[in-house]
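One file, work17.cif, is given below (mmCIF, C-alpha atoms).
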```cif
data_data
loop_
_atom_site.group_PDB
_atom_site.id
_atom_site.type_symbol
_atom_site.label_atom_id
_atom_site.label_comp_id
_atom_site.auth_asym_id
_atom_site.auth_seq_id
_atom_site.Cartn_x
_atom_site.Cartn_y
_atom_site.Cartn_z
ATOM 1 C CA MET C 1 133.074 63.809 -50.674
ATOM 2 C CA THR C 2 131.486 66.946 -49.269
ATOM 3 C CA HIS C 3 128.234 67.105 -51.251
ATOM 4 C CA ALA C 4 124.705 66.092 -50.248
ATOM 5 C CA LEU C 5 121.686 66.079 -52.528
ATOM 6 C CA ILE C 6 118.499 67.567 -51.082
ATOM 7 C CA PHE C 7 115.026 67.460 -52.622
ATOM 8 C CA PRO C 8 112.246 70.068 -52.287
ATOM 9 C CA GLY C 9 108.784 69.659 -50.816
ATOM 10 C CA GLN C 10 105.347 71.072 -51.480
ATOM 11 C CA GLY C 11 105.242 74.759 -52.344
ATOM 12 C CA SER C 12 108.108 74.676 -54.856
ATOM 13 C CA GLN C 13 105.891 73.768 -57.827
ATOM 14 C CA THR C 14 105.349 76.131 -60.765
ATOM 15 C CA VAL C 15 103.434 75.691 -64.009
ATOM 16 C CA GLY C 16 105.945 75.037 -66.796
ATOM 17 C CA MET C 17 108.422 73.144 -64.645
ATOM 18 C CA GLY C 18 110.252 70.419 -66.501
ATOM 19 C CA LYS C 19 109.170 71.401 -70.011
ATOM 20 C CA ASP C 20 112.598 72.728 -71.012
ATOM 21 C CA LEU C 21 114.176 69.512 -69.712
ATOM 22 C CA ALA C 22 111.740 67.302 -71.625
ATOM 23 C CA ASP C 23 112.319 69.287 -74.818
ATOM 24 C CA ALA C 24 116.108 69.181 -74.490
ATOM 25 C CA PHE C 25 116.859 65.735 -73.086
ATOM 26 C CA PRO C 26 115.361 62.334 -73.986
ATOM 27 C CA GLU C 27 116.389 61.107 -70.509
ATOM 28 C CA ALA C 28 114.124 63.713 -68.888
ATOM 29 C CA LYS C 29 111.281 63.109 -71.338
ATOM 30 C CA ALA C 30 111.429 59.389 -70.487
ATOM 31 C CA VAL C 31 111.021 60.156 -66.769
ATOM 32 C CA PHE C 32 107.877 62.192 -67.349
ATOM 33 C CA GLU C 33 106.477 59.504 -69.653
ATOM 34 C CA GLN C 34 107.146 56.790 -67.052
ATOM 35 C CA VAL C 35 105.401 58.810 -64.343
ATOM 36 C CA ASP C 36 102.403 59.455 -66.631
ATOM 37 C CA GLU C 37 102.183 55.735 -67.364
ATOM 38 C CA ALA C 38 102.534 54.715 -63.720
ATOM 39 C CA LEU C 39 99.705 57.047 -62.698
ATOM 40 C CA ASP C 40 97.568 56.459 -65.793
ATOM 41 C CA GLN C 41 97.347 60.244 -65.937
ATOM 42 C CA HIS C 42 98.855 62.928 -68.158
ATOM 43 C CA LEU C 43 100.556 64.599 -65.191
ATOM 44 C CA SER C 44 103.338 66.028 -67.356
ATOM 45 C CA LYS C 45 100.748 68.051 -69.320
ATOM 46 C CA ILE C 46 99.548 69.610 -66.052
ATOM 47 C CA MET C 47 103.169 70.308 -65.078
ATOM 48 C CA PHE C 48 104.055 71.887 -68.411
ATOM 49 C CA GLU C 49 100.807 73.741 -69.192
ATOM 50 C CA GLY C 50 98.683 73.912 -66.024
ATOM 51 C CA PRO C 51 96.085 74.948 -65.065
ATOM 52 C CA GLU C 52 97.690 76.014 -61.800
ATOM 53 C CA ASP C 53 94.745 74.885 -59.673
ATOM 54 C CA GLN C 54 95.258 71.332 -60.964
ATOM 55 C CA LEU C 55 99.003 71.399 -60.308
ATOM 56 C CA THR C 56 98.485 72.650 -56.755
ATOM 57 C CA LEU C 57 96.136 69.788 -55.856
ATOM 58 C CA THR C 58 98.166 67.850 -53.296
ATOM 59 C CA GLU C 59 97.682 64.554 -55.148
ATOM 60 C CA ASN C 60 99.255 66.104 -58.261
ATOM 61 C CA THR C 61 101.850 68.354 -56.611
ATOM 62 C CA GLN C 62 103.585 65.533 -54.774
ATOM 63 C CA PRO C 63 104.326 63.195 -57.724
ATOM 64 C CA ALA C 64 104.978 66.210 -59.979
ATOM 65 C CA LEU C 65 107.760 67.579 -57.777
ATOM 66 C CA MET C 66 109.306 64.116 -57.527
ATOM 67 C CA ALA C 67 109.143 63.747 -61.330
ATOM 68 C CA MET C 68 110.895 67.088 -61.786
ATOM 69 C CA SER C 69 113.699 66.069 -59.428
ATOM 70 C CA MET C 70 114.088 62.664 -61.043
ATOM 71 C CA ALA C 71 114.188 64.160 -64.548
ATOM 72 C CA ILE C 72 117.160 66.274 -63.462
ATOM 73 C CA MET C 73 118.809 63.200 -61.929
ATOM 74 C CA ALA C 74 118.274 61.291 -65.179
ATOM 75 C CA VAL C 75 120.034 64.032 -67.162
ATOM 76 C CA LEU C 76 122.924 64.198 -64.685
ATOM 77 C CA GLU C 77 123.337 60.414 -64.825
ATOM 78 C CA GLY C 78 122.655 59.858 -68.527
ATOM 79 C CA LYS C 79 124.383 62.870 -70.052
ATOM 80 C CA HIS C 80 127.089 63.622 -67.494
ATOM 81 C CA GLY C 81 127.870 60.206 -65.987
ATOM 82 C CA PHE C 82 126.900 61.315 -62.478
ATOM 83 C CA ASN C 83 127.024 58.484 -59.938
ATOM 84 C CA ILE C 84 125.200 59.111 -56.685
ATOM 85 C CA GLY C 85 126.942 56.246 -54.907
ATOM 86 C CA SER C 86 130.425 57.645 -55.475
ATOM 87 C CA GLN C 87 129.853 61.397 -55.769
ATOM 88 C CA VAL C 88 127.737 62.358 -52.756
ATOM 89 C CA THR C 89 127.849 61.600 -49.033
ATOM 90 C CA CYS C 90 124.116 61.319 -48.396
ATOM 91 C CA VAL C 91 120.656 62.521 -49.475
ATOM 92 C CA ALA C 92 117.603 64.018 -47.793
ATOM 93 C CA GLY C 93 114.299 65.557 -48.808
ATOM 94 C CA HIS C 94 111.761 67.875 -47.218
ATOM 95 C CA SER C 95 108.529 65.959 -46.522
ATOM 96 C CA LEU C 96 107.492 64.530 -49.935
ATOM 97 C CA GLY C 97 111.073 65.267 -51.019
ATOM 98 C CA GLU C 98 112.177 62.316 -48.900
ATOM 99 C CA TYR C 99 110.531 60.072 -51.512
ATOM 100 C CA SER C 100 112.478 61.882 -54.243
ATOM 101 C CA ALA C 101 115.672 61.366 -52.238
ATOM 102 C CA LEU C 102 114.963 57.648 -51.856
ATOM 103 C CA ALA C 103 114.149 57.267 -55.555
ATOM 104 C CA ALA C 104 117.350 59.137 -56.471
ATOM 105 C CA ALA C 105 119.319 56.812 -54.190
ATOM 106 C CA LYS C 106 117.712 53.757 -55.863
ATOM 107 C CA ALA C 107 115.844 52.570 -52.749
ATOM 108 C CA PHE C 108 112.745 52.171 -54.909
ATOM 109 C CA GLY C 109 111.826 52.716 -58.518
ATOM 110 C CA LEU C 110 110.352 55.735 -60.275
ATOM 111 C CA ALA C 111 106.937 54.134 -60.867
ATOM 112 C CA ASP C 112 106.627 53.091 -57.219
ATOM 113 C CA ALA C 113 107.622 56.591 -56.073
ATOM 114 C CA ALA C 114 104.985 58.160 -58.323
ATOM 115 C CA ARG C 115 102.209 55.840 -57.143
ATOM 116 C CA LEU C 116 103.187 56.221 -53.486
ATOM 117 C CA LEU C 117 103.116 60.005 -53.716
ATOM 118 C CA LYS C 118 99.810 60.059 -55.591
ATOM 119 C CA THR C 119 98.287 57.977 -52.802
ATOM 120 C CA ARG C 120 100.046 60.022 -50.112
ATOM 121 C CA GLY C 121 98.674 63.243 -51.563
ATOM 122 C CA LYS C 122 95.140 61.890 -51.837
ATOM 123 C CA SER C 123 95.136 60.380 -48.362
ATOM 124 C CA MET C 124 96.549 63.520 -46.740
ATOM 125 C CA GLN C 125 93.954 65.641 -48.521
ATOM 126 C CA VAL C 126 90.977 63.586 -47.298
ATOM 127 C CA ALA C 127 92.301 62.829 -43.794
ATOM 128 C CA VAL C 128 90.789 66.034 -42.401
ATOM 129 C CA PRO C 129 87.605 67.725 -43.712
ATOM 130 C CA VAL C 130 88.310 71.050 -45.423
ATOM 131 C CA GLY C 131 88.258 73.896 -42.918
ATOM 132 C CA GLU C 132 88.909 71.761 -39.838
ATOM 133 C CA GLY C 133 92.714 71.949 -39.988
ATOM 134 C CA ALA C 134 95.240 74.713 -40.608
ATOM 135 C CA MET C 135 98.940 75.573 -40.547
ATOM 136 C CA ALA C 136 100.775 78.760 -39.596
ATOM 137 C CA ALA C 137 104.330 79.959 -40.003
ATOM 138 C CA VAL C 138 105.779 81.518 -36.864
ATOM 139 C CA LEU C 139 108.884 83.588 -37.555
ATOM 140 C CA GLY C 140 111.541 84.935 -35.234
ATOM 141 C CA ILE C 141 111.268 82.465 -32.352
ATOM 142 C CA GLU C 142 113.047 79.232 -31.458
ATOM 143 C CA MET C 143 111.583 75.763 -30.971
ATOM 144 C CA ASP C 144 111.114 75.927 -27.197
ATOM 145 C CA VAL C 145 108.958 79.046 -27.555
ATOM 146 C CA ALA C 146 107.040 77.526 -30.481
ATOM 147 C CA GLU C 147 106.264 74.443 -28.405
ATOM 148 C CA ALA C 148 105.063 76.634 -25.542
ATOM 149 C CA ILE C 149 102.801 78.554 -27.934
ATOM 150 C CA ALA C 150 101.379 75.306 -29.325
ATOM 151 C CA ALA C 151 100.752 73.905 -25.839
ATOM 152 C CA GLU C 152 98.942 77.051 -24.708
ATOM 153 C CA ALA C 153 96.876 77.275 -27.888
ATOM 154 C CA ALA C 154 95.812 73.611 -27.972
ATOM 155 C CA GLN C 155 93.066 73.740 -25.309
ATOM 156 C CA GLY C 156 92.320 70.067 -25.878
ATOM 157 C CA GLU C 157 92.738 70.260 -29.665
ATOM 158 C CA VAL C 158 95.705 69.258 -31.833
ATOM 159 C CA CYS C 159 98.343 71.998 -32.108
ATOM 160 C CA THR C 160 101.973 71.105 -32.660
ATOM 161 C CA ALA C 161 105.220 72.196 -34.304
ATOM 162 C CA ALA C 162 105.145 70.503 -37.713
ATOM 163 C CA ASN C 163 108.233 71.907 -39.456
ATOM 164 C CA ASP C 164 111.524 73.037 -37.937
ATOM 165 C CA ASN C 165 112.842 74.575 -41.130
ATOM 166 C CA ALA C 166 115.585 76.934 -39.965
ATOM 167 C CA PRO C 167 116.381 79.092 -36.949
ATOM 168 C CA GLY C 168 113.403 81.388 -36.422
ATOM 169 C CA GLN C 169 111.292 79.624 -39.072
ATOM 170 C CA ILE C 170 108.855 77.143 -37.544
ATOM 171 C CA VAL C 171 105.477 75.941 -38.833
ATOM 172 C CA LEU C 172 102.622 74.929 -36.533
ATOM 173 C CA SER C 173 99.878 72.512 -37.580
ATOM 174 C CA GLY C 174 96.596 71.349 -36.082
ATOM 175 C CA ALA C 175 92.922 72.166 -35.602
ATOM 176 C CA THR C 176 91.882 75.461 -37.209
ATOM 177 C CA ALA C 177 90.708 77.130 -33.986
ATOM 178 C CA ALA C 178 93.879 76.097 -32.154
ATOM 179 C CA ILE C 179 96.133 77.405 -34.925
ATOM 180 C CA GLU C 180 94.224 80.700 -34.977
ATOM 181 C CA ARG C 181 94.767 80.976 -31.206
ATOM 182 C CA ALA C 182 98.465 80.177 -31.726
ATOM 183 C CA VAL C 183 98.833 83.047 -34.219
ATOM 184 C CA GLU C 184 97.546 85.480 -31.593
ATOM 185 C CA ILE C 185 99.609 83.993 -28.752
ATOM 186 C CA ALA C 186 102.743 84.116 -30.921
ATOM 187 C CA LYS C 187 102.465 87.897 -31.143
ATOM 188 C CA GLU C 188 102.484 88.107 -27.346
ATOM 189 C CA LYS C 189 105.501 85.802 -27.090
ATOM 190 C CA GLY C 190 107.744 87.855 -29.327
ATOM 191 C CA ALA C 191 107.286 86.366 -32.797
ATOM 192 C CA LYS C 192 108.254 88.768 -35.580
ATOM 193 C CA ARG C 193 105.410 87.466 -37.723
ATOM 194 C CA SER C 194 102.866 84.695 -37.490
ATOM 195 C CA ILE C 195 100.776 83.986 -40.563
ATOM 196 C CA LEU C 196 98.200 81.422 -41.566
ATOM 197 C CA LEU C 197 99.427 79.438 -44.582
ATOM 198 C CA PRO C 198 97.324 78.783 -47.708
ATOM 199 C CA VAL C 199 97.270 75.000 -47.301
ATOM 200 C CA SER C 200 94.381 72.591 -47.680
ATOM 201 C CA ALA C 201 95.140 70.340 -44.708
ATOM 202 C CA PRO C 202 97.115 70.278 -41.420
ATOM 203 C CA PHE C 203 100.168 68.298 -42.503
ATOM 204 C CA HIS C 204 102.647 66.602 -40.136
ATOM 205 C CA CYS C 205 100.430 66.433 -37.061
ATOM 206 C CA ALA C 206 98.306 63.797 -35.316
ATOM 207 C CA MET C 207 95.264 64.727 -37.425
ATOM 208 C CA MET C 208 96.997 63.000 -40.352
ATOM 209 C CA ALA C 209 96.728 59.570 -38.684
ATOM 210 C CA PRO C 210 94.221 58.238 -41.286
ATOM 211 C CA ALA C 211 96.751 59.051 -44.034
ATOM 212 C CA ALA C 212 99.529 57.308 -42.092
ATOM 213 C CA ASP C 213 97.367 54.153 -41.969
ATOM 214 C CA VAL C 214 96.892 54.298 -45.745
ATOM 215 C CA MET C 215 100.626 54.755 -46.327
ATOM 216 C CA ALA C 216 101.463 51.839 -44.012
ATOM 217 C CA ASP C 217 99.463 49.550 -46.312
ATOM 218 C CA GLU C 218 100.904 51.085 -49.490
ATOM 219 C CA LEU C 219 104.510 50.924 -48.307
ATOM 220 C CA ALA C 220 104.111 47.332 -47.122
ATOM 221 C CA ALA C 221 103.336 46.344 -50.701
ATOM 222 C CA ILE C 222 106.485 47.732 -52.365
ATOM 223 C CA ASP C 223 110.049 46.511 -52.481
ATOM 224 C CA ILE C 224 112.551 48.806 -50.761
ATOM 225 C CA GLN C 225 116.284 48.290 -51.315
ATOM 226 C CA SER C 226 119.221 49.670 -49.366
ATOM 227 C CA PRO C 227 119.870 53.119 -50.858
ATOM 228 C CA ALA C 228 123.141 53.796 -52.683
ATOM 229 C CA VAL C 229 123.998 56.353 -49.975
ATOM 230 C CA PRO C 230 122.396 56.947 -46.551
ATOM 231 C CA VAL C 231 119.156 58.908 -46.378
ATOM 232 C CA VAL C 232 118.859 61.395 -43.511
ATOM 233 C CA ALA C 233 115.269 60.925 -42.353
ATOM 234 C CA ASN C 234 112.867 63.771 -41.547
ATOM 235 C CA VAL C 235 111.558 62.007 -38.440
ATOM 236 C CA THR C 236 114.865 61.231 -36.722
ATOM 237 C CA ALA C 237 117.347 63.638 -38.383
ATOM 238 C CA THR C 238 119.744 60.676 -38.556
ATOM 239 C CA PRO C 239 121.101 58.688 -41.519
ATOM 240 C CA THR C 240 119.666 55.298 -42.362
ATOM 241 C CA SER C 241 120.230 52.677 -45.059
ATOM 242 C CA ASP C 242 118.004 49.965 -43.571
ATOM 243 C CA PRO C 243 114.959 49.177 -45.768
ATOM 244 C CA ALA C 244 112.740 48.160 -42.834
ATOM 245 C CA GLN C 245 113.554 51.370 -40.981
ATOM 246 C CA ILE C 246 113.010 53.459 -44.123
ATOM 247 C CA ARG C 247 109.557 51.905 -44.560
ATOM 248 C CA SER C 248 108.642 52.554 -40.914
ATOM 249 C CA LEU C 249 109.909 56.135 -40.927
ATOM 250 C CA LEU C 250 107.964 57.012 -44.090
ATOM 251 C CA VAL C 251 104.771 55.973 -42.314
ATOM 252 C CA GLU C 252 105.717 57.903 -39.186
ATOM 253 C CA GLN C 253 106.676 60.936 -41.271
ATOM 254 C CA VAL C 254 103.020 61.631 -42.176
ATOM 255 C CA THR C 255 102.147 62.614 -38.593
ATOM 256 C CA SER C 256 105.587 63.695 -37.346
ATOM 257 C CA ARG C 257 107.621 66.889 -37.340
ATOM 258 C CA VAL C 258 109.908 67.573 -40.294
ATOM 259 C CA ARG C 259 113.186 68.135 -38.446
ATOM 260 C CA TRP C 260 114.829 69.865 -41.400
ATOM 261 C CA ARG C 261 117.197 72.157 -39.484
ATOM 262 C CA GLU C 262 118.493 69.143 -37.562
ATOM 263 C CA CYS C 263 118.786 67.118 -40.785
ATOM 264 C CA ILE C 264 121.072 69.741 -42.300
ATOM 265 C CA LEU C 265 123.228 69.864 -39.163
ATOM 266 C CA ALA C 266 123.390 66.053 -39.086
ATOM 267 C CA MET C 267 124.693 66.069 -42.660
ATOM 268 C CA LYS C 268 127.239 68.713 -41.703
ATOM 269 C CA ASP C 269 128.433 66.302 -38.990
ATOM 270 C CA MET C 270 128.837 63.695 -41.755
ATOM 271 C CA GLY C 271 131.294 66.037 -43.521
ATOM 272 C CA VAL C 272 128.910 67.748 -45.945
ATOM 273 C CA THR C 273 129.735 71.368 -46.782
ATOM 274 C CA THR C 274 127.728 71.863 -49.993
ATOM 275 C CA PHE C 275 124.033 71.067 -50.395
ATOM 276 C CA VAL C 276 122.700 70.575 -53.915
ATOM 277 C CA GLU C 277 118.951 71.174 -54.213
ATOM 278 C CA VAL C 278 117.753 68.998 -57.090
ATOM 279 C CA GLY C 279 114.350 70.055 -58.380
ATOM 280 C CA ALA C 280 111.931 72.946 -58.627
ATOM 281 C CA GLY C 281 112.559 76.179 -56.761
ATOM 282 C CA LYS C 282 115.236 77.349 -54.353
ATOM 283 C CA VAL C 283 113.393 77.109 -51.030
ATOM 284 C CA LEU C 284 115.823 74.686 -49.405
ATOM 285 C CA THR C 285 118.875 76.471 -50.792
ATOM 286 C CA GLY C 286 117.640 79.647 -49.153
ATOM 287 C CA MET C 287 117.496 77.921 -45.772
ATOM 288 C CA ILE C 288 121.044 76.543 -45.788
ATOM 289 C CA ARG C 289 122.974 79.628 -44.690
ATOM 290 C CA ARG C 290 120.244 80.532 -42.194
ATOM 291 C CA ILE C 291 120.891 77.160 -40.570
ATOM 292 C CA ASP C 292 124.694 77.412 -40.619
ATOM 293 C CA ARG C 293 126.790 80.149 -42.205
ATOM 294 C CA ASP C 294 129.657 77.728 -42.863
ATOM 295 C CA LEU C 295 127.486 75.769 -45.324
ATOM 296 C CA SER C 296 126.681 76.549 -48.935
ATOM 297 C CA GLY C 297 123.785 75.605 -51.140
ATOM 298 C CA VAL C 298 123.292 75.420 -54.885
ATOM 299 C CA SER C 299 120.038 74.983 -56.808
ATOM 300 C CA VAL C 300 119.966 72.677 -59.833
ATOM 301 C CA GLN C 301 116.758 73.077 -61.817
ATOM 302 C CA SER C 302 117.466 74.718 -65.197
ATOM 303 C CA LEU C 303 119.484 73.526 -68.185
ATOM 304 C CA GLU C 304 122.207 76.018 -67.230
ATOM 305 C CA ASP C 305 122.196 74.819 -63.610
ATOM 306 C CA ILE C 306 122.693 71.220 -64.713
ATOM 307 C CA GLU C 307 125.623 72.135 -66.948
ATOM 308 C CA ALA C 308 127.242 74.256 -64.235
ATOM 309 C CA PHE C 309 126.866 71.585 -61.563
ATOM 310 C CA ALA C 310 128.194 68.846 -63.831
ATOM 311 C CA ALA C 311 131.198 71.012 -64.694
ATOM 312 C CA SER C 312 131.920 71.594 -60.993
ATOM 313 C CA LEU C 313 132.285 67.891 -60.173
#
```
Please render this file's structure as structure tokens.
Amino acid sequence: MTHALIFPGQGSQTVGMGKDLADAFPEAKAVFEQVDEALDQHLSKIMFEGPEDQLTLTENTQPALMAMSMAIMAVLEGKHGFNIGSQVTCVAGHSLGEYSALAAAKAFGLADAARLLKTRGKSMQVAVPVGEGAMAAVLGIEMDVAEAIAAEAAQGEVCTAANDNAPGQIVLSGATAAIERAVEIAKEKGAKRSILLPVSAPFHCAMMAPAADVMADELAAIDIQSPAVPVVANVTATPTSDPAQIRSLLVEQVTSRVRWRECILAMKDMGVTTFVEVGAGKVLTGMIRRIDRDLSGVSVQSLEDIEAFAASL
């Protein structure tokens, strides 16, 4: 087996996502209905029809993207007989996508995943008052330079590398003033571009500690099984199948760097050559060849994508 399934994170959402799946496949429709019921909210209506400002609320975006990914999985399994345990080497997801990966690998159920992500989104949103935290993408530099920029910009405030997405594509997170200083310092240190991101909170840094505390309580209350295939964790960039470790790493993930570039290379070391992005958008697929030119990526989100992927197996 040379395939891994990967699952997108925040930013990949679009109004209308999933509607064609729900209309075409009862398996997909059932996923959206289960998520709506678990959340006691008509989230699928927001996904299918908007308004966009409701979909982009973190507490809605996170379970919505998971629901989209799981609807595709349900069609692959129900209509095409796809079996994750025998047809892929491992799974991984970018930030919230790690929950999608774990749900796809049967570590926990769909309803639990939806409720966890609703709570995760809410707790991350309220962890830092609006305006006090920020994030910036710094392009064209490597991690050692990014860390030096963050250290210089901090001046006693939080400023850290939050996402190592691909070579030359790093995201910093922390206090607003520190991130603004980092954007200026990055120009002096050779960054091609450094831009403030339109996010509502400083994700994956120490300022998210209140949200990590909330998720520790939430995760302690759910049953986690050994996944059907190993999950390569954001925090460690190593595979794990141990439920206790999965629980611990999901808590740690809230305040820790998303080591995505290293995750992809770790999966390559496990024999993976093709990465299948299951869900909305093609953000992760676009990163694959930037990380390693020997690797290939394929996006599975539309009806045609599902058919083509199923036919390729």
Query raised in the report: Using all atoms listed in the file, which of the listed residues (C:Ala92, C:Met66, C:Ala206, C:Ala201) sits closest to Thr236 (chain C)?
Result: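 Once distances to Thr236 (chain C) are computed over all atoms listed in the file, the minimum belongs to C:Ala92.
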Report task. Quick one: apply the PyMOL selection byres ((chain C and resi 274) around 7) to the file and drop the selected residues here as a list in words. Result ->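 On this input, the PyMOL selection byres ((chain C and resi 274) around 7) captures Thr2, His3, Ala4, Val272, Thr273, Phe275, Val276, Leu295, Ser296 and Gly297 of chain C.
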Query raised in the report: Nearest to His94 (chain C) among C:Pro202, C:Pro8, C:Pro239, C:Pro210, with distances taken over all atoms listed in the file: which residue is it?
Result: C:Pro8
Query - Residues within 9 Å of region 255-271 of chain C, all atoms listed in the file, excluding chain neighbours under 2 positions, as an MDAnalysis selection string - result: chainID C and resid 1:4 89:95 160:167 203:209 211:212 232:239 251:253 273:275 287:288 291:292 295
Could you write those residues out with C-alpha atoms, as a PDB file, in the frame of the given file?
```
ATOM      1  CA  MET C   1     133.074  63.809 -50.674  1.00  0.00           C
ATOM      2  CA  THR C   2     131.486  66.946 -49.269  1.00  0.00           C
ATOM      3  CA  HIS C   3     128.234  67.105 -51.251  1.00  0.00           C
ATOM      4  CA  ALA C   4     124.705  66.092 -50.248  1.00  0.00           C
ATOM      5  CA  THR C  89     127.849  61.600 -49.033  1.00  0.00           C
ATOM      6  CA  CYS C  90     124.116  61.319 -48.396  1.00  0.00           C
ATOM      7  CA  VAL C  91     120.656  62.521 -49.475  1.00  0.00           C
ATOM      8  CA  ALA C  92     117.603  64.018 -47.793  1.00  0.00           C
ATOM      9  CA  GLY C  93     114.299  65.557 -48.808  1.00  0.00           C
ATOM     10  CA  HIS C  94     111.761  67.875 -47.218  1.00  0.00           C
ATOM     11  CA  SER C  95     108.529  65.959 -46.522  1.00  0.00           C
ATOM     12  CA  THR C 160     101.973  71.105 -32.660  1.00  0.00           C
ATOM     13  CA  ALA C 161     105.220  72.196 -34.304  1.00  0.00           C
ATOM     14  CA  ALA C 162     105.145  70.503 -37.713  1.00  0.00           C
ATOM     15  CA  ASN C 163     108.233  71.907 -39.456  1.00  0.00           C
ATOM     16  CA  ASP C 164     111.524  73.037 -37.937  1.00  0.00           C
ATOM     17  CA  ASN C 165     112.842  74.575 -41.130  1.00  0.00           C
ATOM     18  CA  ALA C 166     115.585  76.934 -39.965  1.00  0.00           C
ATOM     19  CA  PRO C 167     116.381  79.092 -36.949  1.00  0.00           C
ATOM     20  CA  PHE C 203     100.168  68.298 -42.503  1.00  0.00           C
ATOM     21  CA  HIS C 204     102.647  66.602 -40.136  1.00  0.00           C
ATOM     22  CA  CYS C 205     100.430  66.433 -37.061  1.00  0.00           C
ATOM     23  CA  ALA C 206      98.306  63.797 -35.316  1.00  0.00           C
ATOM     24  CA  MET C 207      95.264  64.727 -37.425  1.00  0.00           C
ATOM     25  CA  MET C 208      96.997  63.000 -40.352  1.00  0.00           C
ATOM     26  CA  ALA C 209      96.728  59.570 -38.684  1.00  0.00           C
ATOM     27  CA  ALA C 211      96.751  59.051 -44.034  1.00  0.00           C
ATOM     28  CA  ALA C 212      99.529  57.308 -42.092  1.00  0.00           C
ATOM     29  CA  VAL C 232     118.859  61.395 -43.511  1.00  0.00           C
ATOM     30  CA  ALA C 233     115.269  60.925 -42.353  1.00  0.00           C
ATOM     31  CA  ASN C 234     112.867  63.771 -41.547  1.00  0.00           C
ATOM     32  CA  VAL C 235     111.558  62.007 -38.440  1.00  0.00           C
ATOM     33  CA  THR C 236     114.865  61.231 -36.722  1.00  0.00           C
ATOM     34  CA  ALA C 237     117.347  63.638 -38.383  1.00  0.00           C
ATOM     35  CA  THR C 238     119.744  60.676 -38.556  1.00  0.00           C
ATOM     36  CA  PRO C 239     121.101  58.688 -41.519  1.00  0.00           C
ATOM     37  CA  VAL C 251     104.771  55.973 -42.314  1.00  0.00           C
ATOM     38  CA  GLU C 252     105.717  57.903 -39.186  1.00  0.00           C
ATOM     39  CA  GLN C 253     106.676  60.936 -41.271  1.00  0.00           C
ATOM     40  CA  THR C 273     129.735  71.368 -46.782  1.00  0.00           C
ATOM     41  CA  THR C 274     127.728  71.863 -49.993  1.00  0.00           C
ATOM     42  CA  PHE C 275     124.033  71.067 -50.395  1.00  0.00           C
ATOM     43  CA  MET C 287     117.496  77.921 -45.772  1.00  0.00           C
ATOM     44  CA  ILE C 288     121.044  76.543 -45.788  1.00  0.00           C
ATOM     45  CA  ILE C 291     120.891  77.160 -40.570  1.00  0.00           C
ATOM     46  CA  ASP C 292     124.694  77.412 -40.619  1.00  0.00           C
ATOM     47  CA  LEU C 295     127.486  75.769 -45.324  1.00  0.00           C
TER      48      LEU C 295
END
```
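Running the PyMOL selection byres ((chain C and resi 280) around 8) on this file leaves Pro8, Ser12, Gln13, Thr14, Met17, Leu65, Met68, Ser69, Val278, Gly279, Gly281, Lys282 and Gln301 of chain C selected.
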Report task. Would you list the residues near (105.0, 63.0, -61.5) (no more than 10 Å away, in the coordinates of the file, using only C-alpha atoms) as a ChimeraX atom specification? Result -> /C:31-39,41-44,46-47,59-71,110-111,113-115,117-118
Query raised in the report: Between C:Ala30, C:Ala101, C:Ile141, C:Ala175, which has the minimum distance to Glu157 (chain C) (counting only C-alpha atoms)?
Result: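 Result for the nearest residue to Glu157 (chain C): C:Ala175.
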Query raised in the report: C:Ala177, C:Val183, C:Ala136, C:Val229: which is nearest Leu197 (chain C), counting only C-alpha atoms?
Result: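 When distances to Leu197 (chain C) are compared using only C-alpha atoms, the smallest one comes from C:Ala136.
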Report the centre and edge lengths, in Å to one decimal, of an axis-aligned box enclosing every atom of region 189-204 of chain C listed in the file, padded by 6 Å on each side, as lines of an AutoDock Vina configuration file.
```
center_x = 101.3
center_y = 77.7
center_z = -37.4
size_x = 25.9
size_y = 34.2
size_z = 32.6
```
